[in-house]
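For reference, work10.cif is printed below; it contains mmCIF, C-alpha atoms and all ligand atoms.
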```cif
data_coords
#
loop_
_atom_site.group_PDB
_atom_site.id
_atom_site.type_symbol
_atom_site.label_atom_id
_atom_site.label_comp_id
_atom_site.auth_asym_id
_atom_site.auth_seq_id
_atom_site.Cartn_x
_atom_site.Cartn_y
_atom_site.Cartn_z
ATOM 1 C CA MET A 1 -52.096 -11.191 113.987
ATOM 2 C CA LYS A 2 -50.787 -14.533 112.795
ATOM 3 C CA LYS A 3 -50.957 -15.863 109.269
ATOM 4 C CA LYS A 4 -53.028 -18.962 108.534
ATOM 5 C CA SER A 5 -51.475 -22.137 107.194
ATOM 6 C CA PRO A 6 -51.742 -22.563 103.406
ATOM 7 C CA HIS A 7 -54.679 -24.405 101.836
ATOM 8 C CA SER A 8 -54.923 -26.193 98.488
ATOM 9 C CA ILE A 9 -55.522 -24.043 95.409
ATOM 10 C CA PRO A 10 -57.641 -25.967 92.918
ATOM 11 C CA ILE A 11 -57.430 -25.429 89.171
ATOM 12 C CA ARG A 12 -60.823 -25.207 87.502
ATOM 13 C CA GLN A 13 -61.691 -24.874 83.861
ATOM 14 C CA PRO A 14 -65.310 -23.765 83.590
ATOM 15 C CA GLU A 15 -66.861 -22.872 80.264
ATOM 16 C CA PHE A 16 -68.605 -19.581 79.557
ATOM 17 C CA ASP A 17 -71.357 -19.066 77.038
ATOM 18 C CA PHE A 18 -70.142 -15.807 75.507
ATOM 19 C CA ASP A 19 -72.339 -16.473 72.467
ATOM 20 C CA SER A 20 -75.445 -15.948 74.591
ATOM 21 C CA ASP A 21 -77.231 -12.631 74.453
ATOM 22 C CA ILE A 22 -75.365 -10.685 77.127
ATOM 23 C CA PRO A 23 -77.026 -7.287 77.601
ATOM 24 C CA ARG A 24 -74.943 -4.160 77.107
ATOM 25 C CA TYR A 25 -75.383 -3.199 80.785
ATOM 26 C CA TRP A 26 -75.138 -6.624 82.334
ATOM 27 C CA PHE A 27 -74.362 -5.403 85.874
ATOM 28 C CA ASN A 28 -77.744 -4.508 87.411
ATOM 29 C CA ASP A 29 -78.598 -2.436 84.323
ATOM 30 C CA ASN A 30 -76.076 0.161 85.519
ATOM 31 C CA PRO A 31 -73.726 1.435 82.733
ATOM 32 C CA VAL A 32 -71.150 2.879 85.139
ATOM 33 C CA VAL A 33 -70.687 -0.278 87.212
ATOM 34 C CA THR A 34 -70.891 -2.483 84.088
ATOM 35 C CA HIS A 35 -68.155 -0.488 82.350
ATOM 36 C CA ASN A 36 -66.097 -0.417 85.518
ATOM 37 C CA PHE A 37 -66.061 -4.226 85.426
ATOM 38 C CA ASN A 38 -65.633 -4.212 81.627
ATOM 39 C CA GLY A 39 -62.619 -1.969 82.185
ATOM 40 C CA TYR A 40 -61.085 -4.513 84.572
ATOM 41 C CA ASN A 41 -61.919 -7.171 81.992
ATOM 42 C CA LEU A 42 -59.787 -5.362 79.438
ATOM 43 C CA LEU A 43 -56.884 -5.067 81.883
ATOM 44 C CA PHE A 44 -56.862 -8.620 83.231
ATOM 45 C CA PRO A 45 -55.265 -10.641 80.387
ATOM 46 C CA GLU A 46 -52.187 -8.420 80.024
ATOM 47 C CA PHE A 47 -51.604 -7.851 83.723
ATOM 48 C CA GLU A 48 -52.398 -11.339 84.980
ATOM 49 C CA ARG A 49 -49.745 -12.680 82.591
ATOM 50 C CA PHE A 50 -47.391 -9.997 83.924
ATOM 51 C CA PHE A 51 -48.082 -11.195 87.512
ATOM 52 C CA VAL A 52 -47.320 -14.790 86.568
ATOM 53 C CA ARG A 53 -44.002 -13.804 84.924
ATOM 54 C CA SER A 54 -43.091 -11.687 87.978
ATOM 55 C CA ILE A 55 -43.614 -14.610 90.354
ATOM 56 C CA LEU A 56 -42.068 -17.288 88.143
ATOM 57 C CA TYR A 57 -38.889 -15.179 87.897
ATOM 58 C CA PHE A 58 -38.044 -16.256 91.482
ATOM 59 C CA LYS A 59 -39.071 -19.902 91.162
ATOM 60 C CA ASP A 60 -35.521 -21.259 90.999
ATOM 61 C CA GLN A 61 -34.492 -19.432 94.162
ATOM 62 C CA ILE A 62 -37.340 -20.861 96.243
ATOM 63 C CA LYS A 63 -36.657 -24.066 98.166
ATOM 64 C CA ASP A 64 -39.970 -24.284 100.051
ATOM 65 C CA GLU A 65 -41.938 -27.169 98.468
ATOM 66 C CA ILE A 66 -45.367 -25.914 99.589
ATOM 67 C CA LEU A 67 -44.721 -22.436 98.232
ATOM 68 C CA LEU A 68 -43.509 -23.907 94.933
ATOM 69 C CA GLU A 69 -46.702 -25.938 94.676
ATOM 70 C CA GLN A 70 -48.737 -22.791 95.369
ATOM 71 C CA ILE A 71 -46.823 -20.851 92.712
ATOM 72 C CA LYS A 72 -47.768 -23.561 90.218
ATOM 73 C CA SER A 73 -51.461 -23.334 91.116
ATOM 74 C CA PHE A 74 -51.381 -19.506 91.206
ATOM 75 C CA SER A 75 -49.927 -19.415 87.701
ATOM 76 C CA ALA A 76 -52.458 -21.909 86.349
ATOM 77 C CA GLN A 77 -55.388 -19.992 87.869
ATOM 78 C CA GLU A 78 -54.173 -16.636 86.534
ATOM 79 C CA ILE A 79 -53.522 -17.993 83.038
ATOM 80 C CA ASN A 80 -57.058 -19.436 82.999
ATOM 81 C CA HIS A 81 -58.428 -16.032 84.075
ATOM 82 C CA ALA A 82 -56.473 -14.255 81.351
ATOM 83 C CA GLN A 83 -57.848 -16.648 78.719
ATOM 84 C CA ALA A 84 -61.462 -16.333 79.882
ATOM 85 C CA HIS A 85 -61.339 -12.524 79.968
ATOM 86 C CA GLN A 86 -59.705 -12.444 76.563
ATOM 87 C CA ALA A 87 -62.559 -14.584 75.233
ATOM 88 C CA TYR A 88 -64.977 -11.990 76.633
ATOM 89 C CA PHE A 89 -63.433 -9.304 74.383
ATOM 90 C CA SER A 90 -65.490 -10.753 71.515
ATOM 91 C CA VAL A 91 -68.691 -9.788 73.364
ATOM 92 C CA LEU A 92 -67.530 -6.181 73.723
ATOM 93 C CA GLU A 93 -66.527 -6.034 70.067
ATOM 94 C CA ARG A 94 -69.872 -7.509 69.019
ATOM 95 C CA GLN A 95 -71.571 -4.786 71.046
ATOM 96 C CA GLY A 96 -69.660 -2.273 68.954
ATOM 97 C CA TYR A 97 -66.950 -1.102 71.388
ATOM 98 C CA LYS A 98 -63.531 -0.136 70.020
ATOM 99 C CA ILE A 99 -61.062 -1.739 72.414
ATOM 100 C CA LYS A 100 -57.910 -2.437 70.380
ATOM 101 C CA GLY A 101 -56.290 0.937 71.189
ATOM 102 C CA LEU A 102 -56.749 0.426 74.934
ATOM 103 C CA LEU A 103 -55.363 -3.109 74.777
ATOM 104 C CA LYS A 104 -52.278 -1.894 72.910
ATOM 105 C CA LEU A 105 -51.723 0.765 75.581
ATOM 106 C CA TYR A 106 -51.891 -1.794 78.430
ATOM 107 C CA GLN A 107 -49.489 -4.051 76.571
ATOM 108 C CA ARG A 108 -47.015 -1.185 76.168
ATOM 109 C CA TYR A 109 -47.296 -0.243 79.848
ATOM 110 C CA ALA A 110 -46.770 -3.856 81.005
ATOM 111 C CA ARG A 111 -43.663 -4.093 78.798
ATOM 112 C CA PHE A 112 -42.410 -0.740 80.107
ATOM 113 C CA LEU A 113 -42.803 -1.985 83.707
ATOM 114 C CA GLU A 114 -40.993 -5.174 82.833
ATOM 115 C CA ARG A 115 -38.059 -3.191 81.438
ATOM 116 C CA MET A 116 -37.900 -0.465 84.085
ATOM 117 C CA ALA A 117 -38.885 -2.084 87.397
ATOM 118 C CA SER A 118 -36.544 -4.447 89.235
ATOM 119 C CA PRO A 119 -37.704 -8.064 89.708
ATOM 120 C CA LYS A 120 -38.264 -7.351 93.415
ATOM 121 C CA LEU A 121 -40.410 -4.303 92.682
ATOM 122 C CA ARG A 122 -42.386 -6.335 90.137
ATOM 123 C CA VAL A 123 -43.159 -9.014 92.693
ATOM 124 C CA ALA A 124 -44.096 -6.342 95.259
ATOM 125 C CA LEU A 125 -46.409 -4.739 92.665
ATOM 126 C CA THR A 126 -47.937 -8.131 92.022
ATOM 127 C CA ALA A 127 -48.528 -8.715 95.760
ATOM 128 C CA ALA A 128 -50.102 -5.261 96.119
ATOM 129 C CA THR A 129 -52.417 -5.722 93.125
ATOM 130 C CA GLU A 130 -53.353 -9.167 94.388
ATOM 131 C CA HIS A 131 -54.389 -7.487 97.645
ATOM 132 C CA TYR A 132 -56.713 -5.262 95.582
ATOM 133 C CA THR A 133 -58.242 -8.134 93.616
ATOM 134 C CA ALA A 134 -58.644 -10.363 96.704
ATOM 135 C CA THR A 135 -60.224 -7.533 98.715
ATOM 136 C CA ILE A 136 -62.707 -6.574 96.013
ATOM 137 C CA ALA A 137 -63.432 -10.267 95.365
ATOM 138 C CA GLY A 138 -63.891 -11.157 99.040
ATOM 139 C CA VAL A 139 -66.257 -8.299 99.778
ATOM 140 C CA LEU A 140 -68.255 -9.024 96.612
ATOM 141 C CA LEU A 141 -68.632 -12.698 97.506
ATOM 142 C CA SER A 142 -69.630 -12.011 101.090
ATOM 143 C CA HIS A 143 -72.401 -9.653 99.898
ATOM 144 C CA PRO A 144 -74.151 -11.695 97.186
ATOM 145 C CA GLU A 145 -76.977 -9.128 97.095
ATOM 146 C CA ILE A 146 -74.653 -6.889 95.033
ATOM 147 C CA ILE A 147 -74.539 -9.374 92.168
ATOM 148 C CA GLU A 148 -77.960 -11.016 92.417
ATOM 149 C CA ASP A 149 -79.283 -9.266 89.283
ATOM 150 C CA VAL A 150 -76.131 -9.678 87.190
ATOM 151 C CA HIS A 151 -76.544 -11.616 83.901
ATOM 152 C CA PRO A 152 -75.890 -15.367 84.620
ATOM 153 C CA THR A 153 -72.880 -15.772 82.290
ATOM 154 C CA MET A 154 -71.186 -12.670 83.671
ATOM 155 C CA LYS A 155 -72.076 -13.659 87.222
ATOM 156 C CA LYS A 156 -70.437 -17.046 86.690
ATOM 157 C CA LEU A 157 -67.302 -15.358 85.311
ATOM 158 C CA LEU A 158 -67.235 -12.841 88.147
ATOM 159 C CA VAL A 159 -67.799 -15.402 90.915
ATOM 160 C CA TRP A 160 -65.296 -17.924 89.524
ATOM 161 C CA HIS A 161 -62.572 -15.314 89.144
ATOM 162 C CA SER A 162 -63.338 -13.785 92.548
ATOM 163 C CA VAL A 163 -63.237 -17.155 94.310
ATOM 164 C CA GLU A 164 -59.833 -17.953 92.848
ATOM 165 C CA GLU A 165 -58.480 -14.497 93.751
ATOM 166 C CA VAL A 166 -59.514 -15.235 97.355
ATOM 167 C CA GLU A 167 -57.925 -18.703 97.174
ATOM 168 C CA HIS A 168 -54.523 -17.558 95.898
ATOM 169 C CA ARG A 169 -54.426 -14.204 97.720
ATOM 170 C CA SER A 170 -51.316 -15.078 99.783
ATOM 171 C CA VAL A 171 -49.036 -16.527 97.106
ATOM 172 C CA ALA A 172 -47.429 -13.349 95.710
ATOM 173 C CA PHE A 173 -47.147 -11.933 99.243
ATOM 174 C CA ASP A 174 -45.410 -15.120 100.447
ATOM 175 C CA VAL A 175 -42.958 -14.980 97.532
ATOM 176 C CA MET A 176 -42.263 -11.330 98.377
ATOM 177 C CA GLN A 177 -41.564 -12.235 102.017
ATOM 178 C CA TYR A 178 -39.496 -15.281 101.065
ATOM 179 C CA MET A 179 -37.292 -13.055 98.904
ATOM 180 C CA GLY A 180 -36.747 -10.726 101.882
ATOM 181 C CA ILE A 181 -38.557 -7.735 100.358
ATOM 182 C CA GLY A 182 -39.201 -5.362 103.238
ATOM 183 C CA TYR A 183 -41.948 -3.033 104.455
ATOM 184 C CA ARG A 184 -40.759 0.066 102.578
ATOM 185 C CA THR A 185 -40.785 -1.613 99.160
ATOM 186 C CA ARG A 186 -44.092 -3.287 100.003
ATOM 187 C CA ILE A 187 -45.729 0.072 100.767
ATOM 188 C CA ALA A 188 -44.096 1.918 97.844
ATOM 189 C CA ALA A 189 -45.412 -0.806 95.550
ATOM 190 C CA PHE A 190 -48.858 -0.581 97.151
ATOM 191 C CA LEU A 191 -49.014 3.167 96.479
ATOM 192 C CA MET A 192 -47.853 2.631 92.914
ATOM 193 C CA ALA A 193 -50.352 -0.194 92.368
ATOM 194 C CA SER A 194 -53.137 2.015 93.814
ATOM 195 C CA LEU A 195 -52.303 4.771 91.357
ATOM 196 C CA ASP A 196 -52.127 2.292 88.473
ATOM 197 C CA THR A 197 -55.443 0.665 89.403
ATOM 198 C CA LEU A 198 -57.153 4.032 89.724
ATOM 199 C CA LEU A 199 -55.655 5.395 86.520
ATOM 200 C CA TRP A 200 -56.114 2.408 84.215
ATOM 201 C CA SER A 201 -59.488 1.200 85.474
ATOM 202 C CA GLY A 202 -60.774 4.807 85.560
ATOM 203 C CA MET A 203 -59.562 5.464 82.041
ATOM 204 C CA SER A 204 -61.024 2.220 80.658
ATOM 205 C CA THR A 205 -64.377 2.911 82.325
ATOM 206 C CA LEU A 206 -64.514 6.456 80.964
ATOM 207 C CA MET A 207 -63.480 5.379 77.451
ATOM 208 C CA LEU A 208 -66.301 2.817 77.330
ATOM 209 C CA LEU A 209 -68.839 5.282 78.758
ATOM 210 C CA TRP A 210 -67.694 7.881 76.237
ATOM 211 C CA GLN A 211 -68.336 5.415 73.405
ATOM 212 C CA ASP A 212 -71.913 5.121 74.693
ATOM 213 C CA ARG A 213 -72.187 8.927 74.720
ATOM 214 C CA ILE A 214 -73.342 8.909 78.343
ATOM 215 C CA SER A 215 -73.276 12.437 79.750
ATOM 216 C CA PRO A 216 -71.157 13.283 82.831
ATOM 217 C CA TRP A 217 -74.375 14.099 84.693
ATOM 218 C CA ARG A 218 -75.817 10.615 84.088
ATOM 219 C CA ILE A 219 -72.471 9.023 84.983
ATOM 220 C CA LEU A 220 -72.553 10.752 88.372
ATOM 221 C CA ARG A 221 -76.181 9.776 88.943
ATOM 222 C CA TYR A 222 -75.526 6.076 88.248
ATOM 223 C CA LYS A 223 -72.403 6.143 90.402
ATOM 224 C CA PHE A 224 -74.168 7.735 93.373
ATOM 225 C CA GLN A 225 -77.115 5.360 93.002
ATOM 226 C CA HIS A 226 -74.787 2.361 93.313
ATOM 227 C CA ASN A 227 -72.612 3.859 96.056
ATOM 228 C CA ASN A 228 -75.610 4.798 98.190
ATOM 229 C CA LYS A 229 -77.029 1.309 97.925
ATOM 230 C CA PHE A 230 -73.770 -0.308 99.009
ATOM 231 C CA ARG A 231 -72.335 2.296 101.371
ATOM 232 C CA LYS A 232 -71.582 -0.240 104.132
ATOM 233 C CA VAL A 233 -69.858 -2.560 101.661
ATOM 234 C CA ASN A 234 -67.646 0.245 100.330
ATOM 235 C CA LYS A 235 -66.605 1.060 103.887
ATOM 236 C CA GLN A 236 -65.629 -2.547 104.553
ATOM 237 C CA MET A 237 -63.700 -2.618 101.281
ATOM 238 C CA ARG A 238 -61.724 0.533 102.194
ATOM 239 C CA ARG A 239 -60.924 -0.801 105.682
ATOM 240 C CA ASN A 240 -59.656 -4.113 104.296
ATOM 241 C CA LEU A 241 -57.593 -2.379 101.619
ATOM 242 C CA LEU A 242 -55.886 -0.129 104.148
ATOM 243 C CA SER A 243 -54.942 -3.065 106.373
ATOM 244 C CA TYR A 244 -52.018 -3.528 103.943
ATOM 245 C CA PHE A 245 -50.286 -0.710 105.832
ATOM 246 C CA ARG A 246 -50.099 -2.768 109.048
ATOM 247 C CA ARG A 247 -46.573 -4.042 109.599
ATOM 248 C CA ASP A 248 -47.822 -7.487 110.658
ATOM 249 C CA PHE A 249 -50.319 -7.759 107.793
ATOM 250 C CA HIS A 250 -50.698 -11.041 105.944
ATOM 251 C CA PRO A 251 -53.389 -11.654 103.259
ATOM 252 C CA SER A 252 -54.592 -14.830 105.017
ATOM 253 C CA GLN A 253 -55.840 -12.676 107.932
ATOM 254 C CA ILE A 254 -58.744 -11.543 105.749
ATOM 255 C CA ASP A 255 -60.624 -14.774 105.246
ATOM 256 C CA PHE A 256 -63.595 -15.036 102.883
ATOM 257 C CA LEU A 257 -62.980 -18.622 101.749
ATOM 258 C CA GLU A 258 -66.192 -20.084 103.142
ATOM 259 C CA GLU A 259 -68.405 -17.371 101.615
ATOM 260 C CA ALA A 260 -66.453 -17.725 98.375
ATOM 261 C CA HIS A 261 -67.065 -21.444 97.976
ATOM 262 C CA LEU A 262 -70.742 -21.017 98.752
ATOM 263 C CA GLN A 263 -71.088 -18.589 95.841
ATOM 264 C CA LEU A 264 -69.248 -20.987 93.544
ATOM 265 C CA LYS A 265 -71.977 -23.590 94.088
ATOM 266 C CA GLU A 266 -74.606 -20.909 93.460
ATOM 267 C CA VAL A 267 -73.305 -20.384 89.907
ATOM 268 C CA GLY A 268 -73.148 -24.118 89.200
ATOM 269 C CA ILE A 269 -69.426 -24.737 89.615
ATOM 270 C CA VAL A 270 -68.950 -27.807 91.778
ATOM 271 C CA ASP A 271 -65.531 -28.966 92.914
ATOM 272 C CA ASP A 272 -65.200 -32.712 92.962
ATOM 273 C CA ASN A 273 -61.440 -32.914 93.128
ATOM 274 C CA VAL A 274 -59.915 -29.963 94.902
ATOM 275 C CA ASP A 275 -56.299 -30.950 94.317
ATOM 276 C CA GLY A 276 -56.309 -31.681 90.623
ATOM 277 C CA ILE A 277 -57.971 -30.338 87.519
ATOM 278 C CA VAL A 278 -61.577 -29.761 88.431
ATOM 279 C CA ASN A 279 -64.276 -30.469 85.913
ATOM 280 C CA ASN A 280 -66.996 -28.061 86.738
ATOM 281 C CA ASN A 281 -69.410 -27.206 84.042
ATOM 282 C CA GLU A 282 -73.102 -26.999 84.736
HETATM 283 FE FE FE A 301 -56.969 -13.496 88.376
HETATM 284 FE FE FE A 302 -54.792 -12.984 91.288
#
```
So that I can check it, write out the structure of this file as structure tokens.
Ligand SMILES: [Fe+2]
Ligand SMILES: [Fe+2]
Amino acid sequence: MKKKSPHSIPIRQPEFDFDSDIPRYWFNDNPVVTHNFNGYNLLFPEFERFFVRSILYFKDQIKDEILLEQIKSFSAQEINHAQAHQAYFSVLERQGYKIKGLLKLYQRYARFLERMASPKLRVALTAATEHYTATIAGVLLSHPEIIEDVHPTMKKLLVWHSVEEVEHRSVAFDVMQYMGIGYRTRIAAFLMASLDTLLWSGMSTLMLLWQDRISPWRILRYKFQHNNKFRKVNKQMRRNLLSYFRRDFHPSQIDFLEEAHLQLKEVGIVDDNVDGIVNNNE
């Protein structure tokens, strides 16, 4: 399969009303799914900044003008995501969750990776994690029924971030290919990123559920309830994730852009200048 030609990656700066009364279980009143997303929320600021540093490391060696432009937009989008998710921490703290210990742990791990992994491995890890975020985001946006009952502020945050993950899904992969990083490193990094995602998001989810004193039995019940409802979606997600193993894989082959932009309008974010800073508050 061929890769698609690059599209523009707009930079948006929406505002989020984190002072509004966001319910404890804002995702369809389901504590397990809510804390799964809360867990990702805690991870995003540290790791999105790590991704940006990993990509920018190669900036001076890249002579392709379009790719350089895309790196600029990728970095701006990710920094905006990191800031918005960091602002959301105040909601979790107001709800009584202790999160400082977890944040410290993620910071230490990101620094450890930065010291121990080579620049090429770091960019391959970034590309692999971006495949995770773009896949989850794309499937979520193409099945709006999953998020129809999510609290409006959180839905806006989720949709905005998901749309931009779909928009910039190829950038880290293109940098990896430009730098001549081959299939073996790509797959090793994918396996490592899978383990990291599973470990850190699982641990964050469990830590938050533990703070709510939710019993393992209820955790399983909520998880099965959600999984049963979205069985077909989970299957599509797994299939798309595993396509990373194809030798001729390129992120642009999985295209959810149209569905993504439709959802953006649904949450009141309207692009009126796709190439510059977009002013898009309701
Ligand atoms: Fe992001
Ligand atoms: Fe991303």
Which chain A residues have any atom within 9 Å of an atom of ligand FE 301 (chain A), and for each, what is the nearest pair of atoms with distance in Å to one decimal, counting all atoms listed in the file, rows sorted by chain and number, as CSV?
```
residue,atom,partner,partner_atom,distance
A:Phe44,CA,A:FE301,FE,7.1
A:Pro45,CA,A:FE301,FE,8.7
A:Glu48,CA,A:FE301,FE,6.1
A:Phe74,CA,A:FE301,FE,8.7
A:Gln77,CA,A:FE301,FE,6.7
A:Glu78,CA,A:FE301,FE,4.6
A:Ile79,CA,A:FE301,FE,7.8
A:Asn80,CA,A:FE301,FE,8.0
A:His81,CA,A:FE301,FE,5.2
A:Ala82,CA,A:FE301,FE,7.1
A:Glu130,CA,A:FE301,FE,8.2
A:Thr133,CA,A:FE301,FE,7.6
A:His161,CA,A:FE301,FE,5.9
A:Ser162,CA,A:FE301,FE,7.6
A:Glu164,CA,A:FE301,FE,6.9
A:Glu165,CA,A:FE301,FE,5.7
A:His168,CA,A:FE301,FE,8.9
```
For Phe249 in chain A, which of A:His85, A:Arg213, A:Lys156, A:His131 is the closest residue, counting all atoms listed in the file?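 Residue with the minimum atom-to-atom distance to Phe249 in chain A: A:His131.
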Compile the contact shell of range 251-262 of chain A as a ChimeraX atom specification: residues with an atom at most 10 Å away, counting all atoms listed in the file, same-chain residues fewer than 6 positions apart removed. /A:1-6,127,130-131,134-135,137-144,159-160,162-174,240,243-244,269-271
Mind pulling up the distance from CA of Phe50 in chain A to CA of Gly101 in chain A? 19.0 Å
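Considering the residues A:Lys63, A:Lys155, A:Lys232, A:Arg184 and counting only C-alpha atoms, Phe16 in chain A has its shortest atom-to-atom contact with A:Lys155.
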Which of these residues is nearest to ligand FE 302 (chain A), using only C-alpha atoms and all ligand atoms: A:Val33, A:Leu121, A:Ala128, A:Ile187?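 Once distances to ligand FE 302 (chain A) are computed over only C-alpha atoms and all ligand atoms, the minimum belongs to A:Ala128.
Pairwise distance (CA of Val150 in chain A, CA of Trp26 in chain A) equals 5.8 Å.
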